[in-house]
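Novice: Quick one: structure below, then a few questions.
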Amino acid sequence: MSPSSSNQPDMNSKRKPHVIITIGMAGAGKSTFVQRINSYLHSQNPPQPPYILNLDPAVTHVPFEANIDIRDTVNYKEVMKQYNLGPNGGILTALNLFTTKFDQVLDLVEKRAETVDHIILDTPGQIEIFTWSASGAIITDAVASSFPTVVAYIIDTPRTTAPATFMSNMLYACSIMYKTKLPFILVFNKIDAQPHDFALEWMQDFEAFQVALASHSGSRDSEGEPTYMNSLMNSMSLVLDEFYKHLKAVGVSSMTGAGMKEFFDAVEESRETYRTEYLPEIERARAAREKSLQDIKEDSINRLMGDLAVDRAANPKAAAEDRWASDEEDDDDEDLEVNLIDRSEEPYPGQYIDVTRMRHQSENINWPNPG
Ligand SMILES: Nc1nc2c(ncn2[C@@H]2O[C@H](COP(=O)(O)OP(=O)(O)OP(=O)(O)O)[C@@H](O)[C@H]2O)c(=O)[nH]1
Ligand SMILES: [Mg+2]
């Protein structure tokens, strides 16, 4: 079978798997959502087990069997101890260490690309660790330039019913969308506890949202005039109106499984957005980067050749004896051993994790001190 090209959705050859990156505020239900889509895909006919990456080093147990788990590579508690860090610094450093080996992770994923339809990334609970770190950007760019990718932004629906909270959450989503520039799905989770119609209404009709804002306490001052905050939020809602046009919103319950089909329909639609909007953009960026690298290389070679010519002219005897150095073994790129594990090569791939099983923490990892 010839490898399929992501910008050519060929019906005959195998399509590239679709990457779903789950991002969301702490406790929004990312891990439960990943577990739910895992079981949904397993229950398809024929089953389509996804390939799952857990990128949260601090989680004590995940409700799904991850194929690659950052905790198998980096011991986050040990990182905290060795580098003298607090919990967030520990998670960030663990993610940074893992990212240095992400090319190997991609190799493992590429190997499985022919046999899986979906690759799912669960991200750390602290949203900014993934969305505002260099590692998060490197991981996102690396997967997105290899596979069609979509961001699933998980929202804790019961906790976003207040207009101000809703707006903050949407602004956060907006910032992530503009940072990653990837196709984006707003996933209103926990609709078993709180239906998401209010959110859809606010997104479709910004006047309805402004009415909700106005009826909220604190929107008028003691003289009955709209407060500064209220005017600010009114103008922001106009900005967001533009943002909503670029994304899909679905309501799901990771608890009951409601909305899974709608979610996967949205994922499928985003494949086209990826192909028509994201791919040309990264190809343009890549070409520009290569061109500037090439220019730098040519410039330094020209200068080197110029220097050599002057040198040879000044010292013809040495120039006549000039030789290449003997080709000694170059062991500079001897790589560190890293224990990346592809769990799907274990005896029972795709089994649910036994949460009663202790994770072995026998390895005594000594990370080097920086500097
Ligand atoms: N009612 C209800 N509860 C849910 C749903 N999804 C998740 N939860 C609950 O929300 C809590 C947080 O879920 P997690 O999946 O751990 O959330 P998370 O975003 O992965 O959390 P961190 O990784 O720690 O940020 C858990 O108590 C879940 O049981 C849902 O659809 N409905
Ligand atoms: Mg989680």
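Chain labels A, B, ... are given in the sequence in which chains occur in the structure tokens; within each chain residues are numbered consecutively from 1, and ligands are likewise numbered from 1 in the order shown.
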Considering only C-alpha atoms, tabulate each residue of segment 38-67 of chain A that lies at most 8 Å from segment 116-119 of chain A along with its nearest interatomic pair and the corresponding distance in Å to one decimal; arrange the rows by chain and ascending residue number and present them as JSON lines.
Specialist:
{"residue": "A:Gln48", "atom": "CA", "partner": "A:Asp117", "partner_atom": "CA", "distance": 6.7}
{"residue": "A:Pro49", "atom": "CA", "partner": "A:Val116", "partner_atom": "CA", "distance": 6.8}
{"residue": "A:Pro50", "atom": "CA", "partner": "A:His118", "partner_atom": "CA", "distance": 4.8}
{"residue": "A:Tyr51", "atom": "CA", "partner": "A:Ile119", "partner_atom": "CA", "distance": 4.6}
{"residue": "A:Ile52", "atom": "CA", "partner": "A:Ile119", "partner_atom": "CA", "distance": 5.8}
{"residue": "A:Leu53", "atom": "CA", "partner": "A:Ile119", "partner_atom": "CA", "distance": 7.6}
Novice: Would you save the residues of that selection, restricted to C-alpha atoms, as a JSON list (two decimals), in the first residue's frame?
Specialist:
[["chain", "number", "residue", "atom", "x", "y", "z"],
["A", 48, "GLN", "CA", -11.21, 1.18, 15.73],
["A", 49, "PRO", "CA", -8.92, 1.21, 18.77],
["A", 50, "PRO", "CA", -7.15, 4.59, 18.92],
["A", 51, "TYR", "CA", -3.51, 5.19, 19.78],
["A", 52, "ILE", "CA", -3.36, 7.13, 23.03],
["A", 53, "LEU", "CA", -0.60, 9.32, 24.46]]
Novice: What residues in segment 18-50 of chain A get the DSSP label strand (DSSP E)? Please answer as a PyMOL selection string.
Specialist: chain A and resi 18-24
Novice: Which residues form the shell of 6 Å around ligand 1 when you count only C-alpha atoms and all ligand atoms, given as a ChimeraX atom specification?
Specialist: /A:26-32,124-125,189-190,192-193,253-255
Novice: Take the residues just selected and output them with C-alpha atoms as a PDB file, in the first residue's frame.
Specialist:
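For reference, result_13.pdb as written:
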ATOM      1  CA  ALA A  26      -8.174  21.561  35.295  1.00  0.00           C
ATOM      2  CA  GLY A  27     -10.997  19.183  36.090  1.00  0.00           C
ATOM      3  CA  ALA A  28     -12.957  19.918  32.897  1.00  0.00           C
ATOM      4  CA  GLY A  29     -13.021  16.194  32.223  1.00  0.00           C
ATOM      5  CA  LYS A  30     -10.221  15.704  29.677  1.00  0.00           C
ATOM      6  CA  SER A  31      -9.125  12.299  30.897  1.00  0.00           C
ATOM      7  CA  THR A  32     -12.691  11.043  31.301  1.00  0.00           C
ATOM      8  CA  PRO A 124      -1.653  17.967  31.798  1.00  0.00           C
ATOM      9  CA  GLY A 125      -4.336  19.283  34.122  1.00  0.00           C
ATOM     10  CA  ASN A 189     -18.704  18.354  28.585  1.00  0.00           C
ATOM     11  CA  LYS A 190     -20.883  17.137  31.470  1.00  0.00           C
ATOM     12  CA  ASP A 192     -25.714  15.120  31.895  1.00  0.00           C
ATOM     13  CA  ALA A 193     -25.351  17.621  34.737  1.00  0.00           C
ATOM     14  CA  SER A 253     -21.246  13.733  28.448  1.00  0.00           C
ATOM     15  CA  SER A 254     -18.106  11.754  29.119  1.00  0.00           C
ATOM     16  CA  MET A 255     -20.076  10.098  31.874  1.00  0.00           C
TER      17      MET A 255
END
Novice: Nearest to ligand 2 among A:Met25, A:Met203, A:Ala94, A:Val143, with distances taken over only C-alpha atoms and all ligand atoms: which residue is it?
Specialist: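 Distance minimum relative to ligand 2 lands on A:Met25.
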Novice: Taking only segment 68-309 of chain A into account, list the residues labelled helix (DSSP H, G or I) by DSSP (computed from the backbone), as a PyMOL selection string.
Specialist: chain A and resi 70-73+76-83+87-99+102-112+127-131+134-146+157-160+163-180+197-204+206-214+228-244+260-309
Novice: Can you spit out the residues from that selection as a compact mmCIF listing (two decimals), in the first residue's frame, using C-alpha atoms?
Specialist:
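Dumped everything to out15.txt:
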# COMPACT_ATOMS: atom_id res chain seq x y z
CA ILE A 70 5.00 10.14 29.80
CA ARG A 71 5.17 8.55 33.27
CA ASP A 72 7.08 5.60 31.82
CA THR A 73 9.79 7.98 30.63
CA TYR A 76 7.83 13.65 37.85
CA LYS A 77 8.32 13.38 41.63
CA GLU A 78 12.00 12.61 41.07
CA VAL A 79 12.28 15.62 38.71
CA MET A 80 10.80 17.84 41.44
CA LYS A 81 13.32 16.53 43.94
CA GLN A 82 16.36 16.70 41.66
CA TYR A 83 15.69 20.18 40.35
CA PRO A 87 4.50 20.85 41.39
CA ASN A 88 3.96 23.07 38.32
CA GLY A 89 7.68 23.51 37.64
CA GLY A 90 8.00 19.74 38.05
CA ILE A 91 5.27 19.04 35.48
CA LEU A 92 6.74 21.57 33.08
CA THR A 93 10.28 20.19 33.42
CA ALA A 94 9.02 16.63 33.04
CA LEU A 95 7.24 17.68 29.85
CA ASN A 96 10.39 19.45 28.62
CA LEU A 97 12.50 16.32 29.24
CA PHE A 98 9.93 14.18 27.45
CA THR A 99 9.85 16.62 24.52
CA PHE A 102 9.57 13.43 21.00
CA ASP A 103 11.15 12.46 17.67
CA GLN A 104 11.24 8.89 19.02
CA VAL A 105 7.63 9.17 20.08
CA LEU A 106 6.73 10.29 16.56
CA ASP A 107 8.63 7.31 15.14
CA LEU A 108 6.55 4.96 17.29
CA VAL A 109 3.37 6.71 16.21
CA GLU A 110 4.36 6.66 12.53
CA LYS A 111 4.92 2.92 12.78
CA ARG A 112 1.31 2.49 13.84
CA ILE A 127 -3.80 24.06 30.98
CA GLU A 128 -1.08 26.71 30.67
CA ILE A 129 1.68 24.13 31.06
CA PHE A 130 0.75 22.71 27.72
CA THR A 131 -0.60 25.75 25.94
CA ALA A 134 7.79 25.65 24.41
CA SER A 135 7.30 21.89 24.83
CA GLY A 136 3.56 22.14 24.24
CA ALA A 137 4.19 24.14 21.08
CA ILE A 138 6.87 21.70 19.88
CA ILE A 139 4.64 18.67 20.48
CA THR A 140 1.65 20.35 18.84
CA ASP A 141 3.65 21.47 15.80
CA ALA A 142 5.34 18.09 15.47
CA VAL A 143 2.11 16.10 15.38
CA ALA A 144 0.26 18.70 13.34
CA SER A 145 2.88 18.74 10.62
CA SER A 146 2.76 14.94 10.35
CA THR A 157 -20.40 23.17 31.21
CA PRO A 158 -21.92 23.31 34.73
CA ARG A 159 -19.14 25.71 35.72
CA THR A 160 -19.58 28.09 32.77
CA PRO A 163 -21.84 34.97 31.63
CA ALA A 164 -18.51 36.32 32.92
CA THR A 165 -17.06 32.81 33.39
CA PHE A 166 -18.37 31.79 30.00
CA MET A 167 -16.66 34.75 28.40
CA SER A 168 -13.33 34.09 30.16
CA ASN A 169 -13.42 30.49 29.04
CA MET A 170 -14.20 31.48 25.45
CA LEU A 171 -11.42 34.06 25.44
CA TYR A 172 -9.02 31.39 26.62
CA ALA A 173 -10.22 29.07 23.87
CA CYS A 174 -9.81 31.92 21.40
CA SER A 175 -6.21 32.52 22.48
CA ILE A 176 -5.36 28.84 22.07
CA MET A 177 -6.95 28.74 18.65
CA TYR A 178 -4.96 31.74 17.46
CA LYS A 179 -1.78 30.30 18.95
CA THR A 180 -2.07 26.83 17.42
CA ASP A 197 -28.23 25.02 25.07
CA PHE A 198 -27.57 28.27 26.94
CA ALA A 199 -24.03 28.25 25.54
CA LEU A 200 -25.18 27.59 21.98
CA GLU A 201 -27.71 30.38 22.28
CA TRP A 202 -25.09 32.83 23.53
CA MET A 203 -22.77 31.83 20.71
CA GLN A 204 -25.37 32.22 17.99
CA PHE A 206 -24.75 37.84 20.94
CA GLU A 207 -27.70 40.02 21.89
CA ALA A 208 -28.99 37.16 24.03
CA PHE A 209 -25.56 37.05 25.65
CA GLN A 210 -25.63 40.79 26.32
CA VAL A 211 -29.06 40.44 27.91
CA ALA A 212 -27.67 37.69 30.15
CA LEU A 213 -24.74 39.93 31.02
CA ALA A 214 -26.97 42.87 31.83
CA TYR A 228 -17.02 49.59 33.06
CA MET A 229 -16.80 45.80 33.33
CA ASN A 230 -20.14 45.44 31.66
CA SER A 231 -19.17 47.65 28.72
CA LEU A 232 -15.89 45.80 28.37
CA MET A 233 -17.67 42.47 28.24
CA ASN A 234 -20.16 43.82 25.73
CA SER A 235 -17.38 44.83 23.37
CA MET A 236 -15.59 41.53 23.95
CA SER A 237 -18.70 39.63 23.01
CA LEU A 238 -18.54 41.34 19.62
CA VAL A 239 -14.97 40.13 19.19
CA LEU A 240 -15.98 36.63 20.19
CA ASP A 241 -18.82 36.69 17.71
CA GLU A 242 -16.20 36.63 14.95
CA PHE A 243 -14.32 33.82 16.71
CA TYR A 244 -17.43 31.60 16.98
CA MET A 260 -20.01 11.05 20.83
CA LYS A 261 -21.29 10.67 17.29
CA GLU A 262 -21.67 14.46 16.90
CA PHE A 263 -18.15 14.89 18.21
CA PHE A 264 -16.71 12.48 15.64
CA ASP A 265 -18.73 14.14 12.86
CA ALA A 266 -17.10 17.43 13.86
CA VAL A 267 -13.66 15.73 13.89
CA GLU A 268 -14.29 14.41 10.39
CA GLU A 269 -15.31 17.84 9.13
CA SER A 270 -12.19 19.39 10.63
CA ARG A 271 -10.05 17.17 8.39
CA GLU A 272 -11.04 19.35 5.46
CA THR A 273 -10.27 22.57 7.36
CA TYR A 274 -6.86 21.15 8.22
CA ARG A 275 -6.20 20.34 4.57
CA THR A 276 -7.37 23.63 3.13
CA GLU A 277 -6.25 26.06 5.84
CA TYR A 278 -3.60 24.63 8.13
CA LEU A 279 -1.50 22.57 5.68
CA PRO A 280 -0.87 25.36 3.15
CA GLU A 281 0.08 27.60 6.06
CA ILE A 282 2.71 25.20 7.47
CA GLU A 283 4.02 24.46 4.02
CA ARG A 284 4.50 28.20 3.46
CA ALA A 285 6.23 28.54 6.84
CA ARG A 286 8.46 25.55 6.13
CA ALA A 287 9.47 26.86 2.70
CA ALA A 288 10.28 30.27 4.20
CA ARG A 289 12.35 28.65 6.95
CA GLU A 290 14.27 26.50 4.48
CA LYS A 291 14.91 29.47 2.24
CA SER A 292 16.34 31.55 5.09
CA LEU A 293 18.48 28.62 6.28
CA GLN A 294 19.78 28.15 2.75
CA ASP A 295 20.61 31.86 2.52
CA ILE A 296 22.54 31.73 5.80
CA LYS A 297 24.44 28.63 4.65
CA GLU A 298 25.36 30.15 1.31
CA ASP A 299 26.47 33.35 2.95
CA SER A 300 28.75 31.57 5.44
CA ILE A 301 30.20 29.27 2.75
CA ASN A 302 30.95 32.28 0.56
CA ARG A 303 32.69 34.02 3.41
CA LEU A 304 34.64 30.89 4.31
CA MET A 305 35.77 30.41 0.73
CA GLY A 306 36.84 34.05 0.60
CA ASP A 307 38.90 33.65 3.79
CA LEU A 308 40.50 30.45 2.47
CA ALA A 309 41.51 32.10 -0.77
Novice: Have a look at A:Asn38, A:Gly86, A:Phe64, A:Asp122 and name the one nearest to ligand 2; count only C-alpha atoms and all ligand atoms.
Specialist: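 Among A:Asn38, A:Gly86, A:Phe64, A:Asp122, it is A:Asp122 that comes nearest to ligand 2.
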Novice: When distances are computed from only C-alpha atoms and all ligand atoms, which of A:Asn84, A:Ser39, A:Gln126, A:Thr100 shows the smallest separation from ligand 2?
Specialist: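 Closest to ligand 2, using only C-alpha atoms and all ligand atoms: A:Gln126.
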Novice: Determine the nearest neighbour of ligand 2 from the options A:Ser215, A:Thr161, A:Asn54, A:Ser133, counting only C-alpha atoms and all ligand atoms.
Specialist: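 Ranked by minimum distance to ligand 2, first place goes to A:Asn54.
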Novice: Write out as a CSV table (one decimal) with N, CA and C atoms, in the first residue's frame which residues come within 7 Å of segment 19-24 of chain A when counting only C-alpha atoms, dropping same-chain ones fewer than 5 positions away.
Specialist:
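The new file around.csv reads:
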chain,number,residue,atom,x,y,z
A,30,LYS,N,-11.0,16.1,30.8
A,30,LYS,CA,-10.2,15.7,29.7
A,30,LYS,C,-10.0,14.2,29.7
A,118,HIS,N,-7.3,7.0,14.8
A,118,HIS,CA,-7.2,8.2,15.6
A,118,HIS,C,-6.1,8.1,16.6
A,119,ILE,N,-5.4,9.2,16.8
A,119,ILE,CA,-4.3,9.3,17.8
A,119,ILE,C,-4.8,10.4,18.8
A,120,ILE,N,-4.8,10.0,20.1
A,120,ILE,CA,-5.4,10.9,21.0
A,120,ILE,C,-4.4,11.4,22.1
A,121,LEU,N,-4.3,12.7,22.3
A,121,LEU,CA,-3.3,13.2,23.3
A,121,LEU,C,-4.1,13.7,24.5
A,122,ASP,N,-3.8,13.2,25.7
A,122,ASP,CA,-4.4,13.8,26.9
A,122,ASP,C,-3.3,14.7,27.5
A,123,THR,N,-3.7,15.9,27.8
A,123,THR,CA,-2.6,16.9,28.3
A,123,THR,C,-2.7,17.1,29.8
A,127,ILE,N,-3.7,23.8,32.4
A,127,ILE,CA,-3.8,24.1,31.0
A,127,ILE,C,-2.6,24.9,30.4
A,147,PHE,N,0.4,14.8,10.8
A,147,PHE,CA,-1.0,14.2,10.7
A,147,PHE,C,-2.0,15.3,10.7
A,148,PRO,N,-3.2,15.0,10.1
A,148,PRO,CA,-4.3,16.0,10.3
A,148,PRO,C,-4.6,16.0,11.8
A,149,THR,N,-4.8,17.2,12.3
A,149,THR,CA,-4.9,17.4,13.7
A,149,THR,C,-6.0,18.4,14.1
A,150,VAL,N,-6.7,18.1,15.2
A,150,VAL,CA,-7.8,19.0,15.7
A,150,VAL,C,-7.6,19.1,17.2
A,151,VAL,N,-7.9,20.4,17.7
A,151,VAL,CA,-7.9,20.6,19.1
A,151,VAL,C,-9.3,20.4,19.6
A,152,ALA,N,-9.5,19.6,20.6
A,152,ALA,CA,-10.8,19.4,21.3
A,152,ALA,C,-10.6,20.2,22.6
A,153,TYR,N,-11.3,21.3,22.7
A,153,TYR,CA,-11.2,22.2,23.9
A,153,TYR,C,-12.4,21.8,24.8
A,154,ILE,N,-12.0,21.1,25.9
A,154,ILE,CA,-13.0,20.6,26.8
A,154,ILE,C,-13.5,21.7,27.8
A,155,ILE,N,-14.8,21.9,27.9
A,155,ILE,CA,-15.4,22.9,28.8
A,155,ILE,C,-16.2,22.2,29.8
